[in-house]
file coords18.txt (compact mmCIF, C-alpha atoms)
# COMPACT_ATOMS: atom_id res chain seq x y z
CA ASP S 1 -2.69 14.99 -6.06
CA THR S 2 0.88 13.69 -6.14
CA GLU S 3 0.10 10.03 -5.77
CA VAL S 4 1.75 7.16 -7.57
CA THR S 5 0.20 3.78 -6.86
CA GLN S 6 1.86 0.38 -7.19
CA THR S 7 0.47 -3.13 -7.08
CA PRO S 8 1.01 -5.58 -5.57
CA LYS S 9 2.57 -4.41 -2.31
CA HIS S 10 4.29 -7.74 -1.81
CA LEU S 11 5.14 -10.52 -4.25
CA VAL S 12 6.76 -13.91 -3.74
CA MET S 13 7.72 -15.83 -6.85
CA GLY S 14 9.76 -18.82 -7.88
CA MET S 15 12.56 -18.65 -10.40
CA THR S 16 10.38 -20.16 -13.14
CA ASN S 17 7.38 -17.90 -12.59
CA LYS S 18 6.19 -15.00 -14.71
CA LYS S 19 4.70 -12.05 -12.88
CA SER S 20 4.09 -8.36 -13.46
CA LEU S 21 4.39 -5.24 -11.35
CA LYS S 22 2.02 -2.37 -12.05
CA CYS S 23 2.34 1.36 -11.53
CA GLU S 24 -0.24 4.09 -12.12
CA GLN S 25 -0.31 7.87 -11.90
CA HIS S 26 -2.97 10.42 -12.81
CA MET S 27 -0.91 13.60 -12.53
CA GLY S 28 -0.50 14.00 -16.28
CA HIS S 29 3.21 13.18 -16.01
CA ARG S 30 4.84 12.06 -19.24
CA ALA S 31 7.99 10.54 -17.74
CA MET S 32 7.87 7.33 -15.69
CA TYR S 33 10.65 5.38 -14.03
CA TRP S 34 11.46 2.01 -12.53
CA TYR S 35 14.00 1.77 -9.71
CA LYS S 36 15.37 -1.19 -7.76
CA GLN S 37 16.29 -0.72 -4.11
CA LYS S 38 18.21 -3.25 -2.05
CA ALA S 39 18.12 -3.10 1.73
CA LYS S 40 20.02 -0.18 3.26
CA LYS S 41 20.97 1.15 -0.20
CA PRO S 42 19.71 4.05 -2.32
CA PRO S 43 17.44 3.34 -5.29
CA GLU S 44 19.10 2.35 -8.57
CA LEU S 45 17.58 3.48 -11.84
CA MET S 46 16.46 0.69 -14.17
CA PHE S 47 14.30 2.23 -16.91
CA VAL S 48 12.90 5.58 -18.00
CA TYR S 49 9.89 6.08 -20.25
CA SER S 50 9.27 9.42 -21.89
CA TYR S 51 6.00 9.96 -23.74
CA GLU S 52 5.38 6.22 -23.57
CA LYS S 53 8.67 5.40 -25.28
CA LEU S 54 11.62 3.73 -23.58
CA SER S 55 14.33 6.38 -23.35
CA ILE S 56 16.78 4.89 -20.86
CA ASN S 57 17.66 1.27 -20.08
CA GLU S 58 20.43 1.07 -17.52
CA SER S 59 21.77 -2.23 -18.87
CA VAL S 60 19.09 -4.18 -17.06
CA PRO S 61 18.98 -7.96 -17.69
CA SER S 62 16.33 -9.08 -20.16
CA ARG S 63 14.49 -11.04 -17.49
CA PHE S 64 13.05 -7.60 -16.61
CA SER S 65 10.80 -6.27 -19.36
CA PRO S 66 9.14 -2.86 -19.02
CA GLU S 67 6.00 -1.79 -20.79
CA CYS S 68 4.15 1.51 -20.94
CA PRO S 69 0.66 0.85 -22.35
CA ASN S 70 -0.45 4.47 -21.97
CA SER S 71 0.60 7.70 -20.33
CA SER S 72 -0.79 6.70 -16.92
CA LEU S 73 0.41 3.12 -16.66
CA LEU S 74 3.79 1.46 -16.36
CA ASN S 75 4.34 -2.27 -16.04
CA LEU S 76 7.39 -4.35 -15.24
CA HIS S 77 7.19 -7.93 -16.47
CA LEU S 78 9.31 -10.45 -14.60
CA HIS S 79 10.45 -13.83 -15.89
CA ALA S 80 13.06 -16.32 -14.72
CA LEU S 81 14.30 -14.10 -11.93
CA GLN S 82 17.13 -14.97 -9.60
CA PRO S 83 17.15 -14.78 -5.79
CA GLU S 84 19.47 -11.76 -5.99
CA ASP S 85 16.66 -9.89 -7.75
CA SER S 86 14.78 -9.78 -4.45
CA ALA S 87 14.38 -6.09 -3.61
CA LEU S 88 11.95 -3.20 -3.31
CA TYR S 89 10.87 -2.05 -6.77
CA LEU S 90 9.90 1.59 -6.91
CA CYS S 91 8.02 3.40 -9.61
CA ALA S 92 8.24 7.17 -10.04
CA SER S 93 6.82 9.78 -12.37
CA SER S 94 7.59 13.37 -13.29
CA GLN S 95 6.75 16.11 -15.71
CA GLU S 96 8.86 15.93 -18.81
CA SER S 97 11.89 18.17 -18.44
CA THR S 98 11.65 21.59 -20.08
CA GLY S 99 15.41 22.02 -19.98
CA LEU S 100 15.15 24.54 -17.16
CA GLY S 101 16.09 22.07 -14.47
CA VAL S 102 15.30 18.56 -13.40
CA GLU S 103 11.66 17.91 -12.72
CA THR S 104 10.70 16.45 -9.35
CA GLN S 105 10.17 12.70 -9.33
CA TYR S 106 7.25 11.43 -7.28
CA PHE S 107 7.62 7.90 -5.97
CA GLY S 108 5.14 5.15 -5.31
CA PRO S 109 5.22 2.99 -2.16
CA GLY S 110 6.99 0.17 -3.95
CA THR S 111 6.53 -3.56 -4.44
CA ARG S 112 8.59 -5.76 -2.18
CA LEU S 113 9.67 -8.75 -4.24
CA LEU S 114 11.03 -12.01 -2.89
CA VAL S 115 12.41 -14.56 -5.35
CA LEU S 116 12.74 -18.08 -4.02
CA ALA M 117 30.79 13.87 -13.17
CA GLN M 118 28.19 14.68 -10.60
CA SER M 119 28.20 13.10 -7.19
CA VAL M 120 26.61 13.56 -3.83
CA THR M 121 28.10 12.65 -0.47
CA GLN M 122 26.12 12.24 2.69
CA LEU M 123 28.67 12.66 5.41
CA ASP M 124 26.95 10.61 8.11
CA SER M 125 25.48 7.15 7.62
CA HIS M 126 23.67 7.39 10.96
CA VAL M 127 22.58 10.33 13.11
CA SER M 128 20.94 9.96 16.51
CA VAL M 129 19.32 12.87 18.34
CA SER M 130 17.01 13.28 21.29
CA GLU M 131 13.39 14.23 20.74
CA GLY M 132 13.00 18.00 20.80
CA THR M 133 16.62 18.74 19.85
CA PRO M 134 17.83 20.08 16.47
CA VAL M 135 18.53 17.83 13.52
CA LEU M 136 21.39 18.34 11.06
CA LEU M 137 21.91 15.96 8.14
CA ARG M 138 24.89 16.86 6.02
CA CYS M 139 25.18 16.67 2.24
CA ASN M 140 27.91 17.79 -0.14
CA TYR M 141 27.61 17.65 -3.90
CA SER M 142 29.70 18.12 -6.98
CA SER M 143 28.23 19.42 -10.21
CA SER M 144 29.55 21.13 -13.27
CA TYR M 145 26.55 23.37 -13.67
CA SER M 146 23.88 24.89 -11.51
CA PRO M 147 22.34 21.80 -9.98
CA SER M 148 18.88 20.87 -8.86
CA LEU M 149 19.05 19.41 -5.37
CA PHE M 150 16.49 17.41 -3.44
CA TRP M 151 16.00 15.79 -0.08
CA TYR M 152 13.77 12.71 0.11
CA VAL M 153 12.69 10.77 3.19
CA GLN M 154 11.91 7.06 3.32
CA HIS M 155 10.15 5.58 6.32
CA PRO M 156 10.58 1.85 6.94
CA ASN M 157 8.97 -0.28 4.25
CA LYS M 158 7.69 2.80 2.42
CA GLY M 159 8.41 4.67 -0.78
CA LEU M 160 10.31 7.94 -1.01
CA GLN M 161 8.62 11.20 -0.11
CA LEU M 162 9.91 14.56 -1.33
CA LEU M 163 10.90 16.85 1.56
CA LEU M 164 12.14 19.80 -0.45
CA LYS M 165 13.78 20.91 -3.70
CA TYR M 166 16.32 23.59 -4.62
CA THR M 167 16.32 25.06 -8.11
CA SER M 168 18.19 28.38 -7.69
CA ALA M 169 15.16 30.51 -6.80
CA ALA M 170 16.24 30.93 -3.18
CA THR M 171 19.17 29.55 -1.23
CA LEU M 172 17.08 28.71 1.84
CA VAL M 173 14.45 26.16 0.95
CA LYS M 174 11.59 25.29 3.26
CA GLY M 175 10.08 21.84 3.04
CA ILE M 176 7.40 19.77 4.66
CA ASN M 177 7.24 18.75 8.33
CA GLY M 178 9.39 21.68 9.48
CA PHE M 179 12.49 20.73 7.51
CA GLU M 180 14.60 23.21 5.60
CA ALA M 181 17.87 23.18 3.69
CA GLU M 182 20.35 25.85 2.73
CA PHE M 183 22.21 25.82 -0.58
CA LYS M 184 25.78 27.07 -0.14
CA LYS M 185 27.57 27.21 -3.45
CA SER M 186 30.93 28.19 -1.95
CA GLU M 187 30.85 25.10 0.26
CA THR M 188 29.02 22.86 -2.28
CA SER M 189 26.70 21.88 0.53
CA PHE M 190 22.98 21.36 0.94
CA HIS M 191 22.51 20.40 4.58
CA LEU M 192 19.07 19.49 5.93
CA THR M 193 17.95 20.90 9.27
CA LYS M 194 14.99 20.88 11.60
CA PRO M 195 14.80 22.89 14.84
CA SER M 196 13.09 20.21 16.93
CA ALA M 197 13.04 16.49 16.21
CA HIS M 198 9.90 14.39 16.57
CA MET M 199 9.77 10.64 17.01
CA SER M 200 8.01 10.44 13.65
CA ASP M 201 11.13 11.85 11.95
CA ALA M 202 12.96 8.55 12.40
CA ALA M 203 13.63 7.40 8.85
CA GLU M 204 16.22 7.20 6.07
CA TYR M 205 17.04 10.48 4.34
CA PHE M 206 18.50 10.76 0.85
CA CYS M 207 20.21 13.81 -0.63
CA VAL M 208 19.82 13.85 -4.41
CA VAL M 209 21.44 15.92 -7.17
CA SER M 210 20.48 16.31 -10.81
CA ASP M 211 22.60 14.54 -13.40
CA ASP M 212 24.06 17.04 -15.87
CA SER M 213 24.20 14.38 -18.59
CA SER M 214 20.49 13.67 -18.58
CA ALA M 215 17.38 15.59 -17.57
CA SER M 216 15.80 12.25 -16.66
CA LYS M 217 18.43 11.11 -14.19
CA ILE M 218 19.04 11.96 -10.59
CA ILE M 219 21.94 10.83 -8.42
CA PHE M 220 21.27 9.57 -4.91
CA GLY M 221 23.52 9.89 -1.92
CA SER M 222 24.10 6.79 0.15
CA GLY M 223 21.53 7.84 2.73
CA THR M 224 21.53 8.89 6.39
CA ARG M 225 19.53 6.95 8.93
CA LEU M 226 18.02 9.30 11.52
CA SER M 227 17.18 7.83 14.93
CA ILE M 228 15.27 9.75 17.57
CA ARG M 229 15.85 9.03 21.26
CA PRO M 230 12.86 9.55 23.60
call {"tool": "encode", "arguments": {"input": "coords18.txt", "output": "structure tokens"}}
result
Amino acid sequence: DTEVTQTPKHLVMGMTNKKSLKCEQHMGHRAMYWYKQKAKKPPELMFVYSYEKLSINESVPSRFSPECPNSSLLNLHLHALQPEDSALYLCASSQESTGLGVETQYFGPGTRLLVL
Amino acid sequence: AQSVTQLDSHVSVSEGTPVLLRCNYSSSYSPSLFWYVQHPNKGLQLLLKYTSAATLVKGINGFEAEFKKSETSFHLTKPSAHMSDAAEYFCVVSDDSSASKIIFGSGTRLSIRP
């Protein structure tokens, strides 16, 4: 099973709202990722969690707040977003790298976010 | 620094004809290379992965890619296109600076003519 699930599929929020995106995997992966993808562009890395600890933050604005409650779950808390934050938000997971090459990242279907 | 270049932003082929999506990379070390496909309004699905075990890599749905170190290329091919192959394709290379990072090409949109 190589499935990563994300909820909700679609989300519309105002600039004063607080909402959360959820991601779940049951593959035993210890690395989890958040990406942002704008239309007709490749995904851009936002955050990486390794063994439930934040290991990479790609200078993402603080209105995006990640959380990894356990090894299977990854959340992205959203607050005071701007219209330009509208995008497809993708979650991915992988085995932790053993140093013998990059592990394959498995992606979820994404949450399409619209900020009004 | 690593980079990956997808040479065509859009490729259009007729159903039943061969597909060639071109990708060139730069890497200081022996890279890991991937091809992912993204259908409209969907997430990314792994097509195949190269990790130095064999230069010709077979993937899902009849796709394959050949790693050519001398040409720094990793082109994706399929002998016969299906309508269901219409999608965006991303060539991806490992980032030498971090085992957690991968670098995406800009993508190639594949259209299939009936």
call {"tool": "closest_residue", "arguments": {"input": "coords18.txt", "among": "M:Tyr141, M:Phe190, M:Tyr166, M:Phe179", "to": "chain S", "atoms": "all atoms listed in the file"}}
result
M:Tyr166
call {"tool": "atom_distance", "arguments": {"input": "coords18.txt", "atom1": "CA of Ala215 (chain M)", "atom2": "CA of Arg112 (chain S)"}}
result
27.7 Å
call {"tool": "atom_distance", "arguments": {"input": "coords18.txt", "atom1": "CA of Glu52 (chain S)", "atom2": "CA of Pro66 (chain S)"}}
result
10.8 Å
call {"tool": "interface_residues", "arguments": {"input": "coords18.txt", "of": "chain M", "to": "chain S", "cutoff": "12 Å", "atoms": "all atoms listed in the file", "output": "ChimeraX atom specification"}}
result
/M:120,122,125-126,145-169,203-225
call {"tool": "atom_distance", "arguments": {"input": "coords18.txt", "atom1": "CA of Arg229 (chain M)", "atom2": "CA of Ser130 (chain M)"}}
result
4.4 Å
call {"tool": "residues_around", "arguments": {"input": "coords18.txt", "residues": "region 131-134 of chain M", "least_positions_apart": "6", "cutoff": "8 Å", "atoms": "only C-alpha atoms", "output": "list in words"}}
result
Thr193, Lys194, Pro195, Ser196, Ala197, His198, Met199, Ile228, Arg229 and Pro230 of chain M
call {"tool": "write_last_selection", "arguments": {"input": "coords18.txt", "atoms": "C-alpha atoms", "output": "JSON list (two decimals), in the frame of the given file"}}
result
[["chain", "number", "residue", "atom", "x", "y", "z"],
["M", 193, "THR", "CA", 17.95, 20.90, 9.27],
["M", 194, "LYS", "CA", 14.99, 20.88, 11.60],
["M", 195, "PRO", "CA", 14.80, 22.89, 14.84],
["M", 196, "SER", "CA", 13.09, 20.21, 16.93],
["M", 197, "ALA", "CA", 13.04, 16.49, 16.21],
["M", 198, "HIS", "CA", 9.90, 14.39, 16.57],
["M", 199, "MET", "CA", 9.77, 10.64, 17.01],
["M", 228, "ILE", "CA", 15.27, 9.75, 17.57],
["M", 229, "ARG", "CA", 15.85, 9.03, 21.26],
["M", 230, "PRO", "CA", 12.86, 9.55, 23.60]]
call {"tool": "residues_around", "arguments": {"input": "coords18.txt", "residues": "Val115 (chain S)", "least_positions_apart": "3", "cutoff": "8 Å", "atoms": "all atoms listed in the file", "output": "number ranges by chain"}}
result
S: 12-15, 81-86
call {"tool": "axis_aligned_box", "arguments": {"input": "coords18.txt", "around": "region 196-211 of chain M", "padding_each_side": "6 Å", "output": "JSON"}}
result
{"center_x": 15.3, "center_y": 13.7, "center_z": 1.8, "size_x": 26.6, "size_y": 25.0, "size_z": 42.4}
call {"tool": "residues_around", "arguments": {"input": "coords18.txt", "residues": "Ser186 (chain M)", "least_positions_apart": "2", "cutoff": "12 Å", "atoms": "all atoms listed in the file", "output": "ChimeraX atom specification"}}
result
/M:140-142,171,182-184,188-190
call {"tool": "build_atoms", "arguments": {"input": "coords18.txt", "residues": "region 44-57 of chain S", "atoms": "N, CA, C and O atoms", "output": "short mmCIF file (atom, residue, chain, number, x, y, z; two decimals), keeping the file's coordinate frame"}}
result
data_model
loop_
_atom_site.label_atom_id
_atom_site.label_comp_id
_atom_site.auth_asym_id
_atom_site.auth_seq_id
_atom_site.Cartn_x
_atom_site.Cartn_y
_atom_site.Cartn_z
N GLU S 44 18.31 2.39 -7.33
CA GLU S 44 19.10 2.35 -8.57
C GLU S 44 18.16 2.42 -9.76
O GLU S 44 17.21 1.63 -9.84
N LEU S 45 18.42 3.33 -10.67
CA LEU S 45 17.58 3.48 -11.84
C LEU S 45 17.68 2.26 -12.74
O LEU S 45 18.77 1.75 -13.00
N MET S 46 16.50 1.80 -13.22
CA MET S 46 16.46 0.69 -14.17
C MET S 46 16.05 1.18 -15.55
O MET S 46 16.75 0.97 -16.54
N PHE S 47 14.87 1.80 -15.63
CA PHE S 47 14.30 2.23 -16.91
C PHE S 47 13.65 3.60 -16.77
O PHE S 47 13.16 3.95 -15.71
N VAL S 48 13.64 4.33 -17.90
CA VAL S 48 12.90 5.58 -18.00
C VAL S 48 12.05 5.53 -19.26
O VAL S 48 12.55 5.18 -20.34
N TYR S 49 10.79 5.89 -19.11
CA TYR S 49 9.89 6.08 -20.25
C TYR S 49 9.57 7.56 -20.37
O TYR S 49 9.26 8.22 -19.38
N SER S 50 9.62 8.05 -21.60
CA SER S 50 9.27 9.42 -21.89
C SER S 50 8.25 9.41 -23.02
O SER S 50 8.52 8.88 -24.10
N TYR S 51 7.09 9.98 -22.75
CA TYR S 51 6.00 9.96 -23.74
C TYR S 51 5.76 8.54 -24.26
O TYR S 51 5.65 8.31 -25.46
N GLU S 52 5.70 7.62 -23.32
CA GLU S 52 5.38 6.22 -23.57
C GLU S 52 6.43 5.48 -24.39
O GLU S 52 6.17 4.35 -24.84
N LYS S 53 7.58 6.07 -24.58
CA LYS S 53 8.67 5.40 -25.28
C LYS S 53 9.83 5.18 -24.33
O LYS S 53 10.17 6.08 -23.53
N LEU S 54 10.47 4.02 -24.43
CA LEU S 54 11.62 3.73 -23.58
C LEU S 54 12.78 4.64 -23.98
O LEU S 54 13.23 4.61 -25.12
N SER S 55 13.25 5.45 -23.04
CA SER S 55 14.33 6.38 -23.35
C SER S 55 15.64 5.99 -22.68
O SER S 55 16.71 6.34 -23.16
N ILE S 56 15.56 5.31 -21.56
CA ILE S 56 16.78 4.89 -20.86
C ILE S 56 16.59 3.45 -20.35
O ILE S 56 15.57 3.13 -19.74
N ASN S 57 17.56 2.61 -20.64
CA ASN S 57 17.66 1.27 -20.08
C ASN S 57 19.06 1.17 -19.49
O ASN S 57 20.05 1.22 -20.23
#
